[in-house]
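Each remark here refers to the structure printed beneath this line.
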Amino acid sequence: MATHRLGIIMHGVTGRMGKNQHLIRSIVAIRAQGGVMLSNGDRVMPDPILIGRNAEKIEALAREHGIARWGTDLTQALANPDDTVFFDAGTTQMRPVLLAQAIQAGKHVYCEKPIATNLNQAVEIARLAEQAGRERGIKHGAVQDKLFLPGLRKLDMLRRAGFFGRMLSVRLEFGYWVFEGDLQPIQRPSWNYRAEDGGGMILDMMCHWRYVLDNLFGEVQSISCLGATHIPTRWDEAGKPYACTADDSAYATAELKGHGGERVIAQLNMSWVTRVRRDDLVTFHVDGTHGSAVAGLSECRAQSRVATPRPVWNPDQKQTMNFFDQWQEVPDSETFDNGFKIQWEHFIRHVAEDAPYRWTLPEGAKGVQLVEAALQSWQERRWIDVPALSLQA
């Protein structure tokens with residue numbers, strides 16, 4: 001069987017997510033396994049060129065991972081007809097402009113989320129990509145990695161099996177304490193807490209929750225959200241104090257239309273200033289008439305209707321039930337690969353053989369739509385409806 005080269009321009013891969021998840025654990029790993037297998041038995045071998053502003057940094061990264069090509073001139077890279085895919089994990093503010101340049105250069109495009117900082121830009125770039133797809137066969141996609149997490153895949157398997165019966169509610173708990181920087185060194189970059197640099201919990205995470213909610217539990221119909229900047233001052237990478245201008249926490253309630261048309265209520269708590277006492281850094285607790293389940297990043301535990309215990313409220317007696325022991329672990333029925341790598345493989349097959357692919361830029365624009373609705377709700381202190389997103393001009 002033949003092996004086909006696929007030239008990929010990778011921009012913004014010196015940052016944490018771009019380097020670790022997209023470069024090392026996805027593209028480098030795919031190259032190490034011999035490429036991506038196509039339906040006819042052929043393979044596609046990614047041939048990346050790393051593009052960044054810091055020549056010394058990008059050269060060192062390329063050398064460390066056995067990548068022959070690197071550069072600092074994105075315009076020159078986009079002009080190379082041998083590289084047909086453009087990937088961006090750089091700043092959100094620049095993303096719509098870079099994606100538009102790549103589409104105009106005839107490249108397939110794939111990018112991190114959010115695809116833009118506001119809905120108008122997100123819709124505009126999604127519309128441009130859709131038009132390019134119709135007229136020139138351009139493929140496009142946005143990262144939706146949470147859908148490929150083992151815990152959420154197990155949760156979705158329960159849903160598809162009818163385990164929950166009629167789904168009632170979803171409760172999401174996300175986050176951990178991010179050190180301020182004065183006492184312990186920070187473990188997230190300082191730009192996350194500056195709105196002018198594209199930071200903010202709502203902008204960062206509501207894009208994720210939109211595709212998770214839509215795909216696993218039901219389409220978002222409306223949202224009520226309250227944001228907060230609990231920590232007003234933090235210390236940056238150089239140890240200098242700075243004012244936090246972006247929200248570090250958000251507390252939301254959403255109404256969903258379930259897969260069977262039922263009304264599902266979702267509670268979404270997300271915070272960089274909470275100390276963890278739960279199974280994982282993110283948990284999804286789903287209740288239904290026939291069963292409940294709690295999923296984290298990797299594990300999922302379930303409790304069926306017939307196995308539900310019978311607690312009795314008695315504030316005068318110490319609780320004797322260990323509620324955590326009353327759940328059954330959903331076993332690993334398959335080997336789970338890295339979620340980012342799985343989606344990369346899907347996108348590469350989409351480009352190479354037009355395999356089905358639904359995680360497109362319009363889907364990414366829906367995430368930005370929920371961001372704006374949540375921000376509007378916070379600002380106006382009211383529920384905001386989330387209508388079907390239209391790409392019409």
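The chains in the structure tokens are called A, B, ... from first to last as shown; in each chain the residues are counted from 1, and the ligands are counted from 1 in the order shown.
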
request  = Once DSSP has gone over the backbone, tell me which residues of range 47-159 of chain A are in strand (DSSP E or B), as number ranges by chain.
outcome  = A: 47-51, 69-71, 83-88, 108-111, 140-142

task = Tell me, as a PyMOL selection string, which residues lie within 9 Å of Ile348 in chain A, counting only C-alpha atoms; anything in the same chain fewer than 6 positions away does not count.
result = chain A and resi 6+36+44+46+355

Now that the selection is made, can you save its residues with N, CA and C atoms as a PDB file, in the first residue's frame?
```pdb
ATOM      1  N   LEU A   6       1.466  14.554   3.518  1.00  0.00           N
ATOM      2  CA  LEU A   6       0.534  15.658   3.743  1.00  0.00           C
ATOM      3  C   LEU A   6       1.288  16.778   4.433  1.00  0.00           C
ATOM      4  N   VAL A  36      -1.436   7.883   9.190  1.00  0.00           N
ATOM      5  CA  VAL A  36      -2.860   7.618   9.403  1.00  0.00           C
ATOM      6  C   VAL A  36      -3.339   6.655   8.327  1.00  0.00           C
ATOM      7  N   VAL A  44      -1.352   8.072   5.237  1.00  0.00           N
ATOM      8  CA  VAL A  44      -1.014   9.485   5.071  1.00  0.00           C
ATOM      9  C   VAL A  44       0.012   9.838   6.137  1.00  0.00           C
ATOM     10  N   PRO A  46       1.985  12.831   7.873  1.00  0.00           N
ATOM     11  CA  PRO A  46       2.102  14.290   8.045  1.00  0.00           C
ATOM     12  C   PRO A  46       3.562  14.734   7.918  1.00  0.00           C
ATOM     13  N   ALA A 355     -13.500  11.665   4.178  1.00  0.00           N
ATOM     14  CA  ALA A 355     -14.229  10.931   5.214  1.00  0.00           C
ATOM     15  C   ALA A 355     -15.144  11.888   5.969  1.00  0.00           C
TER      16      ALA A 355
END
```

Env of range 83-87 of chain A: 12 Å cut, atoms = only C-alpha atoms, seq-sep filter 3 positions within chain, self excluded. Answer as a PDB file with N, CA and C atoms, in the first residue's frame.
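Final output, saved to around-v3.pdb:
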```
ATOM      1  N   ARG A   5       2.255  11.826   1.342  1.00  0.00           N
ATOM      2  CA  ARG A   5       2.702  12.934   2.180  1.00  0.00           C
ATOM      3  C   ARG A   5       1.589  13.968   2.311  1.00  0.00           C
ATOM      4  N   LEU A   6       1.466  14.554   3.518  1.00  0.00           N
ATOM      5  CA  LEU A   6       0.534  15.658   3.743  1.00  0.00           C
ATOM      6  C   LEU A   6       1.288  16.778   4.433  1.00  0.00           C
ATOM      7  N   GLY A   7       1.530  17.864   3.692  1.00  0.00           N
ATOM      8  CA  GLY A   7       2.238  19.005   4.244  1.00  0.00           C
ATOM      9  C   GLY A   7       1.324  19.844   5.122  1.00  0.00           C
ATOM     10  N   ILE A   8       1.749  20.069   6.382  1.00  0.00           N
ATOM     11  CA  ILE A   8       0.928  20.795   7.350  1.00  0.00           C
ATOM     12  C   ILE A   8       1.721  21.980   7.896  1.00  0.00           C
ATOM     13  N   ILE A   9       1.181  23.167   7.727  1.00  0.00           N
ATOM     14  CA  ILE A   9       1.759  24.374   8.319  1.00  0.00           C
ATOM     15  C   ILE A   9       1.210  24.491   9.734  1.00  0.00           C
ATOM     16  N   MET A  10       2.083  24.379  10.742  1.00  0.00           N
ATOM     17  CA  MET A  10       1.647  24.435  12.137  1.00  0.00           C
ATOM     18  C   MET A  10       2.097  25.750  12.753  1.00  0.00           C
ATOM     19  N   HIS A  11       1.140  26.586  13.061  1.00  0.00           N
ATOM     20  CA  HIS A  11       1.412  27.917  13.607  1.00  0.00           C
ATOM     21  C   HIS A  11       0.974  27.992  15.068  1.00  0.00           C
ATOM     22  N   GLY A  12       1.816  28.550  15.914  1.00  0.00           N
ATOM     23  CA  GLY A  12       1.469  28.731  17.319  1.00  0.00           C
ATOM     24  C   GLY A  12       1.676  27.497  18.170  1.00  0.00           C
ATOM     25  N   VAL A  13       2.672  26.685  17.839  1.00  0.00           N
ATOM     26  CA  VAL A  13       2.875  25.436  18.571  1.00  0.00           C
ATOM     27  C   VAL A  13       3.997  25.524  19.603  1.00  0.00           C
ATOM     28  N   GLY A  18      -0.474  24.020  22.054  1.00  0.00           N
ATOM     29  CA  GLY A  18       0.019  23.737  20.714  1.00  0.00           C
ATOM     30  C   GLY A  18       1.178  22.760  20.713  1.00  0.00           C
ATOM     31  N   HIS A  22      -0.980  19.203  20.386  1.00  0.00           N
ATOM     32  CA  HIS A  22      -1.089  19.129  18.924  1.00  0.00           C
ATOM     33  C   HIS A  22       0.196  18.664  18.252  1.00  0.00           C
ATOM     34  N   LEU A  23       1.333  19.166  18.709  1.00  0.00           N
ATOM     35  CA  LEU A  23       2.590  18.759  18.086  1.00  0.00           C
ATOM     36  C   LEU A  23       3.063  17.405  18.621  1.00  0.00           C
ATOM     37  N   ILE A  27       0.729  15.091  16.168  1.00  0.00           N
ATOM     38  CA  ILE A  27       1.449  14.952  14.897  1.00  0.00           C
ATOM     39  C   ILE A  27       2.719  14.115  15.050  1.00  0.00           C
ATOM     40  N   PRO A  46       1.985  12.831   7.873  1.00  0.00           N
ATOM     41  CA  PRO A  46       2.102  14.290   8.045  1.00  0.00           C
ATOM     42  C   PRO A  46       3.562  14.734   7.918  1.00  0.00           C
ATOM     43  N   ASP A  47       3.750  15.822   7.188  1.00  0.00           N
ATOM     44  CA  ASP A  47       5.074  16.438   7.055  1.00  0.00           C
ATOM     45  C   ASP A  47       4.938  17.897   7.491  1.00  0.00           C
ATOM     46  N   PRO A  48       5.122  18.170   8.780  1.00  0.00           N
ATOM     47  CA  PRO A  48       4.853  19.521   9.292  1.00  0.00           C
ATOM     48  C   PRO A  48       5.997  20.487   9.052  1.00  0.00           C
ATOM     49  N   ILE A  49       5.629  21.751   8.935  1.00  0.00           N
ATOM     50  CA  ILE A  49       6.589  22.848   9.033  1.00  0.00           C
ATOM     51  C   ILE A  49       6.110  23.726  10.180  1.00  0.00           C
ATOM     52  N   LEU A  50       6.993  23.985  11.136  1.00  0.00           N
ATOM     53  CA  LEU A  50       6.631  24.770  12.310  1.00  0.00           C
ATOM     54  C   LEU A  50       6.918  26.244  12.040  1.00  0.00           C
ATOM     55  N   ILE A  51       5.907  27.084  12.273  1.00  0.00           N
ATOM     56  CA  ILE A  51       6.038  28.515  12.020  1.00  0.00           C
ATOM     57  C   ILE A  51       5.794  29.280  13.325  1.00  0.00           C
ATOM     58  N   ARG A  69      11.606  20.868   9.044  1.00  0.00           N
ATOM     59  CA  ARG A  69      11.255  22.190   8.497  1.00  0.00           C
ATOM     60  C   ARG A  69      10.686  23.106   9.574  1.00  0.00           C
ATOM     61  N   LEU A  74       5.151  33.338   7.851  1.00  0.00           N
ATOM     62  CA  LEU A  74       3.908  32.631   7.567  1.00  0.00           C
ATOM     63  C   LEU A  74       3.447  32.860   6.131  1.00  0.00           C
ATOM     64  N   THR A  75       3.624  34.059   5.626  1.00  0.00           N
ATOM     65  CA  THR A  75       3.208  34.358   4.254  1.00  0.00           C
ATOM     66  C   THR A  75       3.934  33.462   3.261  1.00  0.00           C
ATOM     67  N   GLN A  76       5.217  33.294   3.474  1.00  0.00           N
ATOM     68  CA  GLN A  76       6.004  32.411   2.613  1.00  0.00           C
ATOM     69  C   GLN A  76       5.530  30.964   2.729  1.00  0.00           C
ATOM     70  N   ALA A  77       5.213  30.537   3.936  1.00  0.00           N
ATOM     71  CA  ALA A  77       4.744  29.170   4.138  1.00  0.00           C
ATOM     72  C   ALA A  77       3.413  28.939   3.435  1.00  0.00           C
ATOM     73  N   LEU A  78       2.519  29.908   3.521  1.00  0.00           N
ATOM     74  CA  LEU A  78       1.217  29.768   2.869  1.00  0.00           C
ATOM     75  C   LEU A  78       1.328  29.760   1.350  1.00  0.00           C
ATOM     76  N   ALA A  79       2.410  30.300   0.838  1.00  0.00           N
ATOM     77  CA  ALA A  79       2.606  30.344  -0.617  1.00  0.00           C
ATOM     78  C   ALA A  79       3.115  29.023  -1.172  1.00  0.00           C
ATOM     79  N   ASN A  80       3.516  28.098  -0.312  1.00  0.00           N
ATOM     80  CA  ASN A  80       4.053  26.818  -0.769  1.00  0.00           C
ATOM     81  C   ASN A  80       2.908  25.878  -1.130  1.00  0.00           C
ATOM     82  N   GLY A  90      -2.330  29.720  17.812  1.00  0.00           N
ATOM     83  CA  GLY A  90      -1.798  30.975  18.325  1.00  0.00           C
ATOM     84  C   GLY A  90      -2.847  31.747  19.098  1.00  0.00           C
ATOM     85  N   ARG A  95      -6.673  34.792  15.182  1.00  0.00           N
ATOM     86  CA  ARG A  95      -7.110  33.573  14.496  1.00  0.00           C
ATOM     87  C   ARG A  95      -7.979  33.823  13.268  1.00  0.00           C
ATOM     88  N   LEU A  98      -5.792  34.965  10.336  1.00  0.00           N
ATOM     89  CA  LEU A  98      -4.902  33.914   9.838  1.00  0.00           C
ATOM     90  C   LEU A  98      -5.672  32.837   9.091  1.00  0.00           C
ATOM     91  N   LEU A  99      -6.829  32.467   9.610  1.00  0.00           N
ATOM     92  CA  LEU A  99      -7.639  31.466   8.912  1.00  0.00           C
ATOM     93  C   LEU A  99      -8.089  31.983   7.554  1.00  0.00           C
ATOM     94  N   ALA A 100      -8.480  33.254   7.496  1.00  0.00           N
ATOM     95  CA  ALA A 100      -8.900  33.837   6.223  1.00  0.00           C
ATOM     96  C   ALA A 100      -7.750  33.859   5.224  1.00  0.00           C
ATOM     97  N   GLN A 101      -6.549  34.214   5.676  1.00  0.00           N
ATOM     98  CA  GLN A 101      -5.383  34.200   4.793  1.00  0.00           C
ATOM     99  C   GLN A 101      -5.124  32.807   4.255  1.00  0.00           C
ATOM    100  N   ALA A 102      -5.228  31.816   5.123  1.00  0.00           N
ATOM    101  CA  ALA A 102      -4.971  30.439   4.704  1.00  0.00           C
ATOM    102  C   ALA A 102      -6.028  29.945   3.719  1.00  0.00           C
ATOM    103  N   ILE A 103      -7.291  30.278   3.981  1.00  0.00           N
ATOM    104  CA  ILE A 103      -8.358  29.867   3.067  1.00  0.00           C
ATOM    105  C   ILE A 103      -8.174  30.531   1.710  1.00  0.00           C
ATOM    106  N   GLN A 104      -7.825  31.804   1.713  1.00  0.00           N
ATOM    107  CA  GLN A 104      -7.598  32.508   0.452  1.00  0.00           C
ATOM    108  C   GLN A 104      -6.402  31.941  -0.305  1.00  0.00           C
ATOM    109  N   ALA A 105      -5.458  31.357   0.439  1.00  0.00           N
ATOM    110  CA  ALA A 105      -4.303  30.719  -0.194  1.00  0.00           C
ATOM    111  C   ALA A 105      -4.616  29.293  -0.649  1.00  0.00           C
ATOM    112  N   GLY A 106      -5.848  28.849  -0.435  1.00  0.00           N
ATOM    113  CA  GLY A 106      -6.259  27.531  -0.895  1.00  0.00           C
ATOM    114  C   GLY A 106      -5.941  26.397   0.059  1.00  0.00           C
ATOM    115  N   LYS A 107      -5.708  26.724   1.333  1.00  0.00           N
ATOM    116  CA  LYS A 107      -5.356  25.691   2.301  1.00  0.00           C
ATOM    117  C   LYS A 107      -6.603  25.177   3.026  1.00  0.00           C
ATOM    118  N   HIS A 108      -6.578  23.887   3.364  1.00  0.00           N
ATOM    119  CA  HIS A 108      -7.520  23.365   4.341  1.00  0.00           C
ATOM    120  C   HIS A 108      -7.118  23.944   5.699  1.00  0.00           C
ATOM    121  N   VAL A 109      -8.096  24.210   6.579  1.00  0.00           N
ATOM    122  CA  VAL A 109      -7.769  24.865   7.848  1.00  0.00           C
ATOM    123  C   VAL A 109      -8.332  24.085   9.025  1.00  0.00           C
ATOM    124  N   TYR A 110      -7.540  24.049  10.081  1.00  0.00           N
ATOM    125  CA  TYR A 110      -7.903  23.390  11.332  1.00  0.00           C
ATOM    126  C   TYR A 110      -7.349  24.267  12.447  1.00  0.00           C
ATOM    127  N   CYS A 111      -8.125  24.465  13.519  1.00  0.00           N
ATOM    128  CA  CYS A 111      -7.662  25.423  14.525  1.00  0.00           C
ATOM    129  C   CYS A 111      -8.173  25.088  15.914  1.00  0.00           C
ATOM    130  N   GLU A 112      -7.499  25.688  16.886  1.00  0.00           N
ATOM    131  CA  GLU A 112      -7.932  25.609  18.270  1.00  0.00           C
ATOM    132  C   GLU A 112      -9.175  26.479  18.450  1.00  0.00           C
ATOM    133  N   LYS A 113      -9.796  26.303  19.631  1.00  0.00           N
ATOM    134  CA  LYS A 113     -10.920  27.149  20.002  1.00  0.00           C
ATOM    135  C   LYS A 113     -10.439  28.178  21.012  1.00  0.00           C
ATOM    136  N   ILE A 115     -12.688  30.039  17.940  1.00  0.00           N
ATOM    137  CA  ILE A 115     -12.260  30.389  16.590  1.00  0.00           C
ATOM    138  C   ILE A 115     -12.211  31.898  16.388  1.00  0.00           C
ATOM    139  N   GLY A 137     -13.545  22.993  -2.581  1.00  0.00           N
ATOM    140  CA  GLY A 137     -13.266  21.752  -1.870  1.00  0.00           C
ATOM    141  C   GLY A 137     -12.420  21.914  -0.624  1.00  0.00           C
ATOM    142  N   ILE A 138     -12.384  23.131  -0.060  1.00  0.00           N
ATOM    143  CA  ILE A 138     -11.591  23.389   1.149  1.00  0.00           C
ATOM    144  C   ILE A 138     -12.251  22.693   2.344  1.00  0.00           C
ATOM    145  N   LYS A 139     -11.441  21.969   3.124  1.00  0.00           N
ATOM    146  CA  LYS A 139     -11.915  21.330   4.348  1.00  0.00           C
ATOM    147  C   LYS A 139     -11.581  22.226   5.540  1.00  0.00           C
ATOM    148  N   HIS A 140     -12.418  22.162   6.569  1.00  0.00           N
ATOM    149  CA  HIS A 140     -12.168  23.011   7.735  1.00  0.00           C
ATOM    150  C   HIS A 140     -12.665  22.324   8.995  1.00  0.00           C
ATOM    151  N   GLY A 141     -11.992  22.636  10.102  1.00  0.00           N
ATOM    152  CA  GLY A 141     -12.374  22.023  11.364  1.00  0.00           C
ATOM    153  C   GLY A 141     -11.905  22.838  12.551  1.00  0.00           C
ATOM    154  N   ALA A 142     -12.583  22.649  13.684  1.00  0.00           N
ATOM    155  CA  ALA A 142     -12.215  23.284  14.949  1.00  0.00           C
ATOM    156  C   ALA A 142     -12.024  22.194  15.996  1.00  0.00           C
ATOM    157  N   VAL A 143     -11.073  22.388  16.870  1.00  0.00           N
ATOM    158  CA  VAL A 143     -10.768  21.404  17.903  1.00  0.00           C
ATOM    159  C   VAL A 143     -11.945  21.284  18.868  1.00  0.00           C
ATOM    160  N   TRP A 344      -7.271  14.745  15.230  1.00  0.00           N
ATOM    161  CA  TRP A 344      -6.337  14.991  14.128  1.00  0.00           C
ATOM    162  C   TRP A 344      -6.454  13.891  13.070  1.00  0.00           C
ATOM    163  N   PHE A 347      -9.493  14.431  11.028  1.00  0.00           N
ATOM    164  CA  PHE A 347      -9.360  15.541  10.087  1.00  0.00           C
ATOM    165  C   PHE A 347      -8.465  15.156   8.907  1.00  0.00           C
ATOM    166  N   ILE A 348      -7.388  14.442   9.166  1.00  0.00           N
ATOM    167  CA  ILE A 348      -6.496  14.013   8.092  1.00  0.00           C
ATOM    168  C   ILE A 348      -7.238  13.094   7.119  1.00  0.00           C
ATOM    169  N   HIS A 350     -10.418  13.167   6.593  1.00  0.00           N
ATOM    170  CA  HIS A 350     -11.366  14.060   5.925  1.00  0.00           C
ATOM    171  C   HIS A 350     -10.698  14.762   4.747  1.00  0.00           C
ATOM    172  N   VAL A 351      -9.471  15.231   4.945  1.00  0.00           N
ATOM    173  CA  VAL A 351      -8.730  15.897   3.884  1.00  0.00           C
ATOM    174  C   VAL A 351      -8.327  14.909   2.794  1.00  0.00           C
ATOM    175  N   ALA A 352      -7.847  13.739   3.203  1.00  0.00           N
ATOM    176  CA  ALA A 352      -7.246  12.798   2.247  1.00  0.00           C
ATOM    177  C   ALA A 352      -8.265  12.009   1.443  1.00  0.00           C
TER     178      ALA A 352
END
```

query = Pick from A:Asp197, A:Asp204, A:Asp88, A:Glu64: nearest to Cys244 in chain A, with only C-alpha atoms counted?
reply =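 Of A:Asp197, A:Asp204, A:Asp88, A:Glu64, the one nearest Cys244 in chain A is A:Asp197, counting only C-alpha atoms.
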
A:Arg301, A:Arg278, A:Arg63, A:Lys341 ranked by distance to Trp327 in chain A, top pick (using only C-alpha atoms) =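 Using only C-alpha atoms, the shortest distance to Trp327 in chain A belongs to A:Arg301.
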
ask   = Leaving out range 231-243 of chain A and any residue of its chain fewer than 2 positions from it, which residues lie within 12 Å of it when counting only C-alpha atoms, given as number ranges by chain?
value = A: 177-196, 228-229, 245-249, 271-274

I need the chosen residues saved as a PDB file, in the first residue's frame, with C-alpha atoms.
```pdb
ATOM      1  CA  TRP A 177      -6.853  26.596  42.261  1.00  0.00           C
ATOM      2  CA  VAL A 178      -4.444  28.436  39.973  1.00  0.00           C
ATOM      3  CA  PHE A 179      -1.684  29.931  42.085  1.00  0.00           C
ATOM      4  CA  GLU A 180      -1.613  33.717  42.165  1.00  0.00           C
ATOM      5  CA  GLY A 181       2.173  33.827  41.734  1.00  0.00           C
ATOM      6  CA  ASP A 182       3.203  35.639  44.904  1.00  0.00           C
ATOM      7  CA  LEU A 183       3.591  32.537  47.095  1.00  0.00           C
ATOM      8  CA  GLN A 184       3.727  29.603  44.643  1.00  0.00           C
ATOM      9  CA  PRO A 185       4.725  29.727  40.945  1.00  0.00           C
ATOM     10  CA  ILE A 186       1.831  30.037  38.500  1.00  0.00           C
ATOM     11  CA  GLN A 187       0.705  26.983  36.505  1.00  0.00           C
ATOM     12  CA  ARG A 188      -1.316  28.842  33.864  1.00  0.00           C
ATOM     13  CA  PRO A 189      -0.067  31.722  31.697  1.00  0.00           C
ATOM     14  CA  SER A 190      -0.823  35.228  32.907  1.00  0.00           C
ATOM     15  CA  TRP A 191      -2.665  36.253  29.726  1.00  0.00           C
ATOM     16  CA  ASN A 192      -5.541  33.998  30.843  1.00  0.00           C
ATOM     17  CA  TYR A 193      -6.489  36.691  33.352  1.00  0.00           C
ATOM     18  CA  ARG A 194      -6.282  39.720  31.054  1.00  0.00           C
ATOM     19  CA  ALA A 195      -9.341  40.398  28.910  1.00  0.00           C
ATOM     20  CA  GLU A 196      -7.303  42.571  26.533  1.00  0.00           C
ATOM     21  CA  ALA A 228     -16.696  36.921  38.611  1.00  0.00           C
ATOM     22  CA  THR A 229     -13.108  38.078  39.010  1.00  0.00           C
ATOM     23  CA  THR A 245      -9.243  42.255  33.959  1.00  0.00           C
ATOM     24  CA  ALA A 246     -10.856  38.963  32.952  1.00  0.00           C
ATOM     25  CA  ASP A 247     -13.287  36.687  34.790  1.00  0.00           C
ATOM     26  CA  ASP A 248     -11.677  33.782  36.626  1.00  0.00           C
ATOM     27  CA  SER A 249     -14.962  32.021  37.457  1.00  0.00           C
ATOM     28  CA  SER A 271     -13.483  28.295  38.461  1.00  0.00           C
ATOM     29  CA  TRP A 272      -9.728  28.852  38.633  1.00  0.00           C
ATOM     30  CA  VAL A 273     -10.129  29.649  42.335  1.00  0.00           C
ATOM     31  CA  THR A 274     -11.593  26.452  43.756  1.00  0.00           C
TER      32      THR A 274
END
```

ask   = With only C-alpha atoms as the atoms that count, which of A:Lys366, A:His346, A:Arg43, A:Arg25 lies nearest to Met206 in chain A?
value = A:Lys366
